[in-house]
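So this block is query-v8.csv, CSV, C-alpha atoms:
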chain,number,residue,atom,x,y,z
A,80,VAL,CA,98.7,88.3,-73.0
A,81,SER,CA,96.9,89.5,-69.9
A,82,THR,CA,99.2,88.9,-66.9
A,83,LEU,CA,101.0,91.9,-65.4
A,84,ASN,CA,104.4,90.3,-65.5
A,85,GLU,CA,104.2,89.3,-69.1
A,86,GLY,CA,102.4,92.4,-70.2
A,87,VAL,CA,105.2,94.7,-69.3
A,88,ASP,CA,107.7,92.6,-71.4
A,89,PRO,CA,109.0,94.8,-74.3
A,90,LYS,CA,108.5,91.9,-76.7
A,91,TYR,CA,104.8,92.5,-76.4
A,92,GLY,CA,105.1,96.1,-77.4
A,93,LEU,CA,103.9,97.8,-80.6
A,94,THR,CA,104.8,97.0,-84.2
A,95,GLU,CA,105.5,99.8,-86.6
A,96,LEU,CA,101.8,99.7,-87.6
A,97,GLY,CA,100.9,100.1,-83.9
A,98,ARG,CA,103.2,103.1,-83.5
A,99,GLU,CA,101.8,104.7,-86.6
A,100,GLN,CA,98.3,104.3,-85.2
A,101,ALA,CA,99.4,105.7,-81.9
A,102,GLN,CA,101.0,108.7,-83.6
A,103,ARG,CA,97.7,109.4,-85.5
A,104,ALA,CA,95.9,109.2,-82.2
A,105,GLY,CA,98.3,111.8,-80.8
A,106,ASP,CA,97.6,114.2,-83.7
A,107,GLN,CA,93.9,113.7,-83.2
A,108,LEU,CA,94.2,114.4,-79.5
A,109,CYS,CA,96.1,117.7,-80.2
A,110,ASP,CA,93.2,118.8,-82.4
A,111,LEU,CA,90.6,117.7,-79.9
A,112,ALA,CA,92.1,119.3,-76.9
A,113,VAL,CA,92.9,122.8,-78.2
A,114,HIS,CA,92.8,125.3,-75.3
A,115,ARG,CA,92.3,122.5,-72.8
A,116,PRO,CA,95.0,121.0,-70.5
A,117,ILE,CA,95.7,117.3,-70.9
A,118,VAL,CA,96.7,114.6,-68.4
A,119,VAL,CA,97.7,111.2,-69.7
A,120,LEU,CA,97.4,108.0,-67.6
A,121,SER,CA,98.5,104.6,-68.9
A,122,SER,CA,98.4,100.9,-68.2
A,123,PRO,CA,101.9,99.6,-67.5
A,124,PHE,CA,101.6,97.0,-70.3
A,125,SER,CA,104.2,97.6,-73.0
A,126,ARG,CA,101.7,98.0,-75.8
A,127,ALA,CA,99.7,100.6,-73.8
A,128,LEU,CA,102.7,102.4,-72.4
A,129,GLN,CA,104.4,102.7,-75.8
A,130,THR,CA,101.1,104.1,-77.2
A,131,ALA,CA,101.0,106.7,-74.4
A,132,GLU,CA,104.7,107.6,-75.1
A,133,GLU,CA,103.9,108.1,-78.8
A,134,ILE,CA,101.0,110.3,-77.9
A,135,MET,CA,103.1,112.2,-75.4
A,136,ALA,CA,105.7,112.8,-78.0
A,137,LYS,CA,103.1,114.4,-80.2
A,138,LEU,CA,101.9,116.6,-77.3
A,139,ARG,CA,105.4,117.8,-76.7
A,140,ASN,CA,105.8,118.7,-80.4
A,141,HIS,CA,102.6,120.8,-80.1
A,142,GLU,CA,103.4,122.3,-76.7
A,143,ALA,CA,103.2,125.9,-78.0
A,144,SER,CA,99.6,125.4,-79.2
A,145,LEU,CA,98.3,123.5,-76.1
A,146,ALA,CA,96.8,125.0,-73.0
A,147,THR,CA,99.0,126.0,-70.1
A,148,GLY,CA,99.0,123.3,-67.5
A,149,THR,CA,99.2,120.2,-69.7
A,150,VAL,CA,101.3,117.6,-67.9
A,151,PHE,CA,104.0,116.4,-70.3
A,152,GLU,CA,104.7,113.1,-68.4
A,153,VAL,CA,102.8,109.8,-68.6
A,154,LEU,CA,101.4,108.7,-65.3
A,155,VAL,CA,101.4,104.9,-65.0
A,156,ASP,CA,98.9,103.0,-63.0
A,157,ASP,CA,98.4,99.2,-62.6
A,158,ARG,CA,94.7,99.6,-62.3
A,159,LEU,CA,94.5,100.4,-66.0
A,160,ARG,CA,96.0,97.0,-66.9
A,161,GLU,CA,94.4,94.5,-69.3
A,162,ARG,CA,91.6,92.3,-68.0
A,163,TYR,CA,93.1,89.0,-66.7
A,164,PHE,CA,91.8,86.1,-68.8
A,165,GLY,CA,92.9,83.2,-66.5
A,166,ARG,CA,93.2,79.9,-68.3
A,167,PHE,CA,92.6,81.6,-71.6
A,168,ASP,CA,95.7,83.9,-71.2
A,169,GLY,CA,98.0,83.7,-74.2
A,170,GLN,CA,95.4,81.7,-76.3
A,171,SER,CA,93.5,82.6,-79.4
A,172,SER,CA,91.4,85.8,-79.3
A,173,GLU,CA,88.5,83.5,-80.2
A,174,CYS,CA,88.5,82.6,-76.5
A,175,TYR,CA,87.3,86.1,-75.7
A,176,ASN,CA,83.9,85.1,-77.1
A,177,LEU,CA,83.6,82.4,-74.4
A,178,VAL,CA,84.2,84.9,-71.7
A,179,TRP,CA,81.9,87.5,-73.2
A,180,GLU,CA,79.1,85.0,-73.5
A,181,ARG,CA,79.5,84.4,-69.7
A,182,ASP,CA,79.5,88.1,-69.0
A,183,ALA,CA,76.3,88.6,-71.0
A,184,SER,CA,74.5,85.8,-69.2
A,185,GLY,CA,75.7,86.8,-65.8
A,186,GLU,CA,77.7,83.6,-65.3
A,187,ASP,CA,80.6,83.6,-62.9
A,188,THR,CA,84.0,83.7,-64.6
A,189,HIS,CA,86.1,82.8,-61.6
A,190,ASP,CA,86.0,79.1,-62.2
A,191,VAL,CA,88.1,79.6,-65.3
A,192,GLY,CA,90.3,82.2,-63.5
A,193,VAL,CA,89.0,85.2,-65.4
A,194,GLU,CA,88.7,88.6,-63.8
A,195,SER,CA,85.0,89.5,-63.6
A,196,ALA,CA,83.6,92.5,-65.5
A,197,CYS,CA,82.5,94.0,-62.2
A,198,GLU,CA,86.1,93.8,-60.8
A,199,VAL,CA,87.5,95.4,-63.9
A,200,SER,CA,84.9,98.1,-63.8
A,201,GLU,CA,85.6,98.9,-60.2
A,202,ARG,CA,89.4,99.3,-60.5
A,203,MET,CA,89.1,101.3,-63.7
A,204,LEU,CA,86.5,103.6,-62.2
A,205,SER,CA,88.6,104.1,-59.1
A,206,VAL,CA,91.1,105.9,-61.3
A,207,VAL,CA,88.4,108.1,-62.9
A,208,ARG,CA,87.0,108.9,-59.4
A,209,GLU,CA,90.4,110.0,-58.2
A,210,ALA,CA,90.9,112.2,-61.3
A,211,GLU,CA,87.5,113.8,-60.6
A,212,ARG,CA,88.6,114.7,-57.1
A,213,GLY,CA,92.1,115.7,-58.1
A,214,GLU,CA,93.4,113.0,-55.8
A,215,LEU,CA,95.3,110.7,-58.2
A,216,LYS,CA,97.4,108.1,-56.5
A,217,THR,CA,99.1,106.3,-59.4
A,218,SER,CA,101.3,103.3,-58.8
A,219,SER,CA,102.9,100.5,-60.7
A,220,SER,CA,104.4,97.4,-59.2
A,221,CYS,CA,106.3,96.7,-62.4
A,222,THR,CA,108.3,99.9,-62.6
A,223,SER,CA,111.8,99.0,-63.8
A,224,ALA,CA,114.7,99.1,-61.4
A,225,ASP,CA,116.3,101.9,-63.3
A,226,VAL,CA,113.4,104.2,-62.7
A,227,VAL,CA,114.8,105.8,-59.6
A,228,GLY,CA,116.1,109.1,-58.3
A,229,SER,CA,115.5,112.0,-60.5
A,230,VAL,CA,113.1,110.0,-62.8
A,231,ARG,CA,110.9,109.0,-59.8
A,232,ARG,CA,110.9,112.5,-58.5
A,233,ARG,CA,109.9,113.8,-61.9
A,234,ARG,CA,106.9,111.4,-62.0
A,235,ASP,CA,105.9,112.3,-58.5
A,236,ASP,CA,106.1,116.0,-59.5
A,237,ALA,CA,103.9,115.3,-62.5
A,238,GLU,CA,101.3,113.6,-60.4
A,239,LEU,CA,101.3,116.6,-58.0
A,240,ARG,CA,100.8,119.0,-60.9
A,241,ALA,CA,98.1,116.9,-62.4
A,242,ASN,CA,96.2,116.8,-59.1
A,243,GLU,CA,96.5,120.6,-58.7
A,244,LEU,CA,95.3,121.1,-62.2
A,245,LEU,CA,92.3,118.7,-61.8
A,246,LYS,CA,91.2,120.5,-58.6
A,247,ALA,CA,91.6,124.0,-60.2
A,248,ARG,CA,89.9,123.4,-63.5
A,249,ASP,CA,86.8,121.5,-64.8
A,250,ASP,CA,87.8,121.4,-68.5
A,251,ILE,CA,90.7,118.9,-68.3
A,252,VAL,CA,91.1,116.2,-70.9
A,253,VAL,CA,92.0,113.1,-68.9
A,254,VAL,CA,93.4,110.4,-71.3
A,255,LEU,CA,93.3,106.8,-70.2
A,256,VAL,CA,95.5,104.6,-72.4
A,257,ALA,CA,94.5,101.1,-71.7
A,258,HIS,CA,93.1,98.0,-73.4
A,259,GLY,CA,90.1,96.9,-75.4
A,260,ASP,CA,88.1,94.8,-72.8
A,261,ALA,CA,89.0,97.0,-69.9
A,262,LEU,CA,88.0,100.2,-71.6
A,263,GLN,CA,84.9,98.6,-73.1
A,264,ILE,CA,83.8,97.6,-69.6
A,265,LEU,CA,84.6,101.1,-68.2
A,266,SER,CA,82.4,102.6,-70.9
A,267,THR,CA,79.4,100.9,-69.4
A,268,ALA,CA,79.7,103.2,-66.4
A,269,PHE,CA,79.6,106.3,-68.7
A,270,HIS,CA,76.4,104.9,-70.2
A,271,ALA,CA,74.8,103.9,-66.9
A,272,LEU,CA,74.8,100.2,-67.9
A,273,PRO,CA,75.9,97.1,-65.9
A,274,PRO,CA,79.5,96.0,-66.6
A,275,SER,CA,78.2,92.7,-68.0
A,276,SER,CA,76.6,94.5,-70.9
A,277,HIS,CA,79.9,95.9,-72.3
A,278,ARG,CA,79.6,94.1,-75.6
A,279,GLN,CA,76.4,95.9,-76.4
A,280,LEU,CA,78.4,99.1,-76.8
A,281,PRO,CA,80.1,100.2,-80.0
A,282,HIS,CA,83.5,98.5,-80.4
A,283,LEU,CA,86.6,100.5,-79.6
A,284,ASN,CA,89.1,100.2,-82.5
A,285,ASN,CA,92.9,100.1,-82.0
A,286,ALA,CA,94.4,103.3,-80.9
A,287,SER,CA,91.1,105.1,-81.2
A,288,LEU,CA,90.0,108.1,-79.1
A,289,CYS,CA,86.6,107.8,-77.5
A,290,SER,CA,85.3,110.8,-75.6
A,291,SER,CA,83.2,110.1,-72.5
A,292,ARG,CA,81.8,113.5,-71.6
A,293,GLU,CA,78.7,112.0,-69.9
A,294,HIS,CA,80.7,111.1,-66.8
A,295,SER,CA,80.1,113.9,-64.3
A,296,ARG,CA,83.1,116.3,-63.9
A,297,ALA,CA,86.0,114.6,-65.6
A,298,VAL,CA,86.3,114.3,-69.4
A,299,SER,CA,88.0,111.0,-70.1
A,300,THR,CA,89.2,110.5,-73.6
A,301,ALA,CA,90.2,106.8,-73.8
A,302,ALA,CA,92.9,105.8,-76.2
A,303,ARG,CA,92.7,102.1,-76.7
A,304,ILE,CA,95.3,99.7,-78.1
A,305,ASN,CA,95.1,95.9,-78.0
A,306,SER,CA,97.4,93.0,-78.7
A,307,SER,CA,96.3,92.7,-82.4
A,308,SER,CA,98.5,95.7,-83.1
A,309,THR,CA,101.6,94.2,-81.4
Is it possible to express this structure as structure tokens?
Amino acid sequence: VSTLNEGVDPKYGLTELGREQAQRAGDQLCDLAVHRPIVVLSSPFSRALQTAEEIMAKLRNHEASLATGTVFEVLVDDRLRERYFGRFDGQSSECYNLVWERDASGEDTHDVGVESACEVSERMLSVVREAERGELKTSSSCTSADVVGSVRRRRDDAELRANELLKARDDIVVVLVAHGDALQILSTAFHALPPSSHRQLPHLNNASLCSSREHSRAVSTAARINSSST
């Protein structure tokens, strides 16, 4: 499932195994980020957002041992969504290979309605660049109707605190909770590679943490979960 409208449907959320994987990732993050503030951003897709919420629950449980400034609210941004797979959406994961072959050969994917690797890279990188500048402008078009009033204000306040933190310190752990293909493509930027070469990089496993310290100022720890864990 790669469309925004379907991706946010709770029926495409995590299984019990997926939740267990996310909880382990949360424990690993707490160990990784000792003495460093944490900011968590997530795709709005149910499987990613539920992963982020499980991770956030672990952070709250370890609040006393985490650095002052950690933002205990998940920031949701549509730009971290899954890559759109066009006519292959909802089909077998074997169809990914057809798209990846086109990526590697430099073929256009628009004729089959698939979002290009360059397009994915640019929207994902725009989030990282904003984090580096302390100018996050998160938004989600699929925010449920009941997220209003005090909840909306709480999220706005969390974004404000995150930006103040990002401007004030250079040791922040920025966690991007997203999807396999999108994060794999983002990783090419951290390795100074073209987006089309994303399959040359080590595979990101479900709910795994991948530290990308190479990327200038921000330290982005990407927690990845894909549909095989739903």
**Request:** Extract, using only C-alpha atoms, all DNA, RNA and protein residues at most 10 Å from Val256 (chain A), discarding same-chain residues fewer than 4 positions from it, and format them as number ranges by chain.
**Result:** A: 119-124, 126-131, 134, 153, 155, 159-160, 262, 286-288, 300-304
**Message:** Calculated over only C-alpha atoms, which of the candidates A:Thr147, A:Thr94, A:Ser276, A:Asn84 has the smallest distance to Ile264 (chain A)?
**Reply:**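 That would be A:Ser276, the residue with the smallest distance to Ile264 (chain A).
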**Prompt:** If we count only C-alpha atoms, what is near Val199 (chain A) at a cut-off of 8 Å, once residues fewer than 6 positions away on the same chain are taken out, given as a list in words?
**Reply:** Arg162, Ala261, Ile264 and Leu265 of chain A
**Item:** Minimum-distance residue to Thr82 (chain A), chosen among A:Ala112, A:Tyr163, A:Gly105, A:Pro273 (using only C-alpha atoms)
**Value:**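 Nearest to Thr82 (chain A): A:Tyr163.
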**Complete:** Students should find that CA of Val254 (chain A) and CA of Leu108 (chain A) are spaced 9.2 Å
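In this structure, CA of His114 (chain A) sits 7.8 Å away from CA of Ser144 (chain A).
Between CA of Asp157 (chain A) and CA of Ser200 (chain A) there is a distance of 13.6 Å.
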**Complete:** If you count only C-alpha atoms, the residue of A:Cys197, A:Cys109, A:Leu138, A:Leu245 closest to Glu152 (chain A) turns out to be A:Leu138
Edge lengths and centre in Å to one decimal, as AutoDock Vina command-line options, of the axis-aligned box that encloses all listed atoms of region 206-223 of chain A with 3 Å added on every side?
--center_x 99.4 --center_y 106.2 --center_z -59.8 --size_x 30.8 --size_y 25.0 --size_z 14.0
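Proximity of A:Glu238, A:Asp88, A:Asp156, A:Asp106 to Ser219 (chain A), computed with only C-alpha atoms, is greatest for A:Asp156.
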**Prompt:** Which one is closest to Phe167 (chain A): A:Glu209, A:Glu142, A:Asp187, A:Glu194? Count all atoms listed in the file.
**Reply:** A:Glu194
Write out as a short mmCIF file (atom, residue, chain, number, x, y, z; two decimals) with C-alpha atoms, keeping the file's coordinate frame the residues lying within 7 Å of Lys246 (chain A), counting all atoms listed in the file and excluding same-chain residues fewer than 3 positions away.
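Written output follows (selection_3.cif):
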data_model
loop_
_atom_site.label_atom_id
_atom_site.label_comp_id
_atom_site.auth_asym_id
_atom_site.auth_seq_id
_atom_site.Cartn_x
_atom_site.Cartn_y
_atom_site.Cartn_z
CA ARG A 212 88.60 114.70 -57.10
CA GLY A 213 92.10 115.70 -58.10
CA ASN A 242 96.20 116.80 -59.10
CA GLU A 243 96.50 120.60 -58.70
#
**Prompt:** Counting all atoms listed in the file, what is within 10 Å of Val178 (chain A), bar same-chain residues fewer than 4 positions away, as a PyMOL selection string?
**Reply:** chain A and resi 164+167+173-174+182-183+186-188+191+193-196
Take the residues from that selection and put them in a file with C-alpha atoms, as a PDB file, in the frame of the given file.
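Saved result, result-v7.pdb, follows:
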ATOM      1  CA  PHE A 164      91.800  86.100 -68.800  1.00  0.00           C
ATOM      2  CA  PHE A 167      92.600  81.600 -71.600  1.00  0.00           C
ATOM      3  CA  GLU A 173      88.500  83.500 -80.200  1.00  0.00           C
ATOM      4  CA  CYS A 174      88.500  82.600 -76.500  1.00  0.00           C
ATOM      5  CA  ASP A 182      79.500  88.100 -69.000  1.00  0.00           C
ATOM      6  CA  ALA A 183      76.300  88.600 -71.000  1.00  0.00           C
ATOM      7  CA  GLU A 186      77.700  83.600 -65.300  1.00  0.00           C
ATOM      8  CA  ASP A 187      80.600  83.600 -62.900  1.00  0.00           C
ATOM      9  CA  THR A 188      84.000  83.700 -64.600  1.00  0.00           C
ATOM     10  CA  VAL A 191      88.100  79.600 -65.300  1.00  0.00           C
ATOM     11  CA  VAL A 193      89.000  85.200 -65.400  1.00  0.00           C
ATOM     12  CA  GLU A 194      88.700  88.600 -63.800  1.00  0.00           C
ATOM     13  CA  SER A 195      85.000  89.500 -63.600  1.00  0.00           C
ATOM     14  CA  ALA A 196      83.600  92.500 -65.500  1.00  0.00           C
TER      15      ALA A 196
END
**Shortest interatomic distance to Gly148 (chain A) - which of A:Asp260, A:Glu214, A:Asp110, A:Asp250, counting only C-alpha atoms** =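 Closest residue, counting only C-alpha atoms: A:Asp250.
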